[in-house]
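Worksheet: one structure, shown below.
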Amino acid sequence: MHDFKLPKKAEINTVLSSFSKKEKNIFLSLLIILSISTLFILQGINQHFMVSVPTPGGSVSEGIVGAPRFINPVLAFSDTDRDMVTLIYSGLMRKTGDGELSLDLAEKYEVSPDKLSYTFTLKEGTIFHDGESLDADDVIFTIQKVKDSVLKSPEKSAWDGVTVEKVDDRTIIFTLRQPYSSFLGNTTLGILPEHIWNQSLIELNTANTNPIGSGPFMIKTISRQESGIINSYELIAFPNFALGKPYLENISIRFYPNEKDVLQALKNKEITQLGSIDPENALDLEEENYRVEATILPRIFGIFFNHNQNQIFLNKTVVRAINDAIDKDRIISEVLSGYGVAIDDPIPPNMSDYQNLAAKNEESRADILEKVEASLAKDGWKKNVDGFLEKTTTVNKKKTTTLLEFTISTGNAPELSKSAELIQEDLAKVGIKVEIKTFEIGNLNQSVIRPRKYDALLFGQIINHESDLYAFWHSSQRKDPGLNVSSYTNAKVDKILEDAFITLDAKAREKKYAEFETEIKKDMPAVFLYSPKFIYVVPENLEGLVMNRLVTPGERFGNVHQWYTNTDNVWELFSKKD
């Protein structure tokens, strides 16, 4: 066998010189085709092995309605404050957009066998935006401020009964009175720099609006009005953020007095994104080809019955008829412009893995209403001359006529009042008379909810953790300041909620809450209507946004350090793996 050898230049010239003019043209054409084909093949091979990866740089600008007052984790009362806190501060743990907890300032944590002690170890070399070190003293200082009854921190109830102890500069032990399934979620609390906040009263400290944290972004500049009200913040990436320097170089946060102004700012390209807008406006933006992202919030809106005020709600046939007669899909469409989901349960559909959206009823509205009317007629209800239902009963030879009617008390927010009107129309179709009483939200809470002066309450529950269900449904919470607005009492449910509250095993806890859900469906102390969606308008080139299981709107910034707008193409072999 002979070895293969490339032809020499002289040999190639000899062959080419023997070609006729026509043969030379054909040969050159084939050579050009071969060269172009080779380039395309090589390009295809190159593209096959290339992947797009995020690169540092880029910026976004967000518009927010309202101005911040307390950008500190202890006193962040408003959504605006909490938005800024998530950007600027870090906790021992961090809540990601998919609802999971990940280590942030903490390197690790250990739980004692009795589930009463949590030992956290801080990462080495953690610092604040001003370069000062962050240690156990800062963690203890923050918790002490939260627990200070004078400050009335919105986080106080989460830390009542928890003691904190310093082991060394990097180690802290939290001790609980009893096991608490949601405790780790509390440790997402942003850590204050003690050297900044111990200099003056926390409510008056200038760091409330010029904060220094250890979070993914730090303040570069602040723009204020002459009155001192803040117009905007220019934020830059913090290179020493515990989870790595963010991809985005800058985030601009601009504040507006109302939704009309922030929408105009978006259309004028003063900002690139905004959230928490009216569903109708979001629908308009979608039609104008803006990128609108939406995710279910853990909010439960429903009609909560007070049988102490109106005993008609003790009749399961009536309550079931109310539930079936209300067209929940119509509320989603006409009130929320589609940005919501119909529900039949007390647990938000985005909160637990076991909980699923109710199967859609394929029956027509006409068929459903016909069944409702038949069930009420079977229960003895008949329409009077006004078209509303009444029932006549005889007790001790004395006849009593009961009209099927009740009042719905609700707030004057457009979403609530419009929903109440649609519910009133739906129930009138089957002969149930409803009167709507609308109150200013503050007055509703003080004069109606707290003294439990209502037949039925159309309102919403914000459920931050599964453990919050205890506050809304345990019998011990029936009276003010408890949140059990249905005055619901069920000993079995009480025991389920008590056990679930202290159960740390996720699967066992899910089983408990599934049992709770079953009992609530049997008793029907409320009609559950819908969970709204958080609406977020973002630029087309923004990637890395994750918000599958938000609890609060501010959690959209949970993984802001992973957001990016700039990309580069590299061979997959050389791409950086997380």
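Residues in the structure tokens are named by chain (A, B, ... in the order shown) and by number from 1 within that chain; ligands are numbered from 1 in the order shown.
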Could you produce a table of the residues of range 534-571 of chain A lying within 12 Å of range 176-192 of chain A, with the nearest pair of atoms per residue and their separation in Å rounded to one decimal, using only C-alpha atoms, ordered by chain and increasing residue number, as JSON lines?
{"residue": "A:Val551", "atom": "CA", "partner": "A:Gly185", "partner_atom": "CA", "distance": 11.2}
{"residue": "A:Glu555", "atom": "CA", "partner": "A:Thr188", "partner_atom": "CA", "distance": 10.8}
{"residue": "A:Gly558", "atom": "CA", "partner": "A:Thr188", "partner_atom": "CA", "distance": 10.2}
message = For Ala76 in chain A, find every residue with an atom within 12 Å (counting only C-alpha atoms), except residues of its own chain fewer than 2 positions away, and show them as a ChimeraX atom specification.
response = /A:68-74,78-86,89,146,151-156,189-190,202-203,208-209,554
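Non-sequential neighbours of range 543-550 of chain A (distance at most 9 Å, separation of 6 or more positions within a chain, only C-alpha atoms) are Pro54, Thr96, Gly97, Asp98, Gly99, Glu100, Ala294, Thr295, Ile296, Leu297, Pro298, Asn350, Met351, Phe534, Arg556, Phe557, Gly558, Asn559, Val560, His561, Gln562, Trp563, Tyr564, Thr565 and Asn566 of chain A.
You will find CA of Pro346 in chain A at 6.8 Å from CA of Phe528 in chain A.
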Restrict the calculation to only C-alpha atoms, then for each residue of range 11-116 of chain A with any atom at most 7 Å from an atom of range 212-223 of chain A give the closest atom pair and their distance in Å to one decimal, rows by chain and rising residue number, as JSON lines.
{"residue": "A:Leu87", "atom": "CA", "partner": "A:Phe217", "partner_atom": "CA", "distance": 5.7}
{"residue": "A:Ile88", "atom": "CA", "partner": "A:Gly215", "partner_atom": "CA", "distance": 4.5}
{"residue": "A:Tyr89", "atom": "CA", "partner": "A:Gly215", "partner_atom": "CA", "distance": 4.0}
{"residue": "A:Ser90", "atom": "CA", "partner": "A:Gly215", "partner_atom": "CA", "distance": 4.5}
Any chance you could export the current selection's N, CA and C atoms as a PDB file, in the first residue's frame?
ATOM      1  N   LEU A  87     -34.039  45.149  46.731  1.00  0.00           N
ATOM      2  CA  LEU A  87     -32.915  45.496  45.866  1.00  0.00           C
ATOM      3  C   LEU A  87     -31.647  45.815  46.660  1.00  0.00           C
ATOM      4  N   ILE A  88     -31.801  46.407  47.835  1.00  0.00           N
ATOM      5  CA  ILE A  88     -30.655  46.993  48.538  1.00  0.00           C
ATOM      6  C   ILE A  88     -30.158  46.132  49.698  1.00  0.00           C
ATOM      7  N   TYR A  89     -31.028  45.306  50.268  1.00  0.00           N
ATOM      8  CA  TYR A  89     -30.640  44.530  51.449  1.00  0.00           C
ATOM      9  C   TYR A  89     -30.548  43.033  51.150  1.00  0.00           C
ATOM     10  N   SER A  90     -29.776  42.353  51.994  1.00  0.00           N
ATOM     11  CA  SER A  90     -29.672  40.895  51.966  1.00  0.00           C
ATOM     12  C   SER A  90     -30.055  40.341  53.319  1.00  0.00           C
TER      13      SER A  90
END
inquiry  = Excluding Phe141 in chain A and its own-chain neighbours fewer than 6 positions away, which residues fall within 10 Å of it when counting only C-alpha atoms? Please give them as number ranges by chain.
reply    = A: 164, 191-195, 197-198
message = When you look at range 498-512 of chain A with a cut-off of 12 Å (counting only C-alpha atoms), what residues show up, excluding the ones that are within fewer than 6 positions of it in the same chain? I need them as a PyMOL selection string.
response = chain A and resi 111+113-116+176-184+347+351-355+465-471+473-476+491-492+518-519
task = Compile the contact shell of Pro539 in chain A as a PyMOL selection string: residues with an atom at most 12 Å away, counting only C-alpha atoms, same-chain residues fewer than 6 positions apart removed.
result = chain A and resi 59-62+266+269+271-274+289-293+545+563-565
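Across the model, the gap from CA of Asp523 in chain A to CA of Lys316 in chain A is 7.8 Å.
Among the candidates A:Glu373, A:Asn396, A:Pro525, A:Val65, the one nearest to Val262 in chain A when counting only C-alpha atoms is A:Val65.
Secondary structure of range 490-537 of chain A, strand (DSSP E) only (DSSP, backbone atoms): Ala526, Val527, Phe528, Leu529, Tyr530, Ser531, Pro532, Lys533, Phe534, Ile535, Tyr536 and Val537 of chain A.
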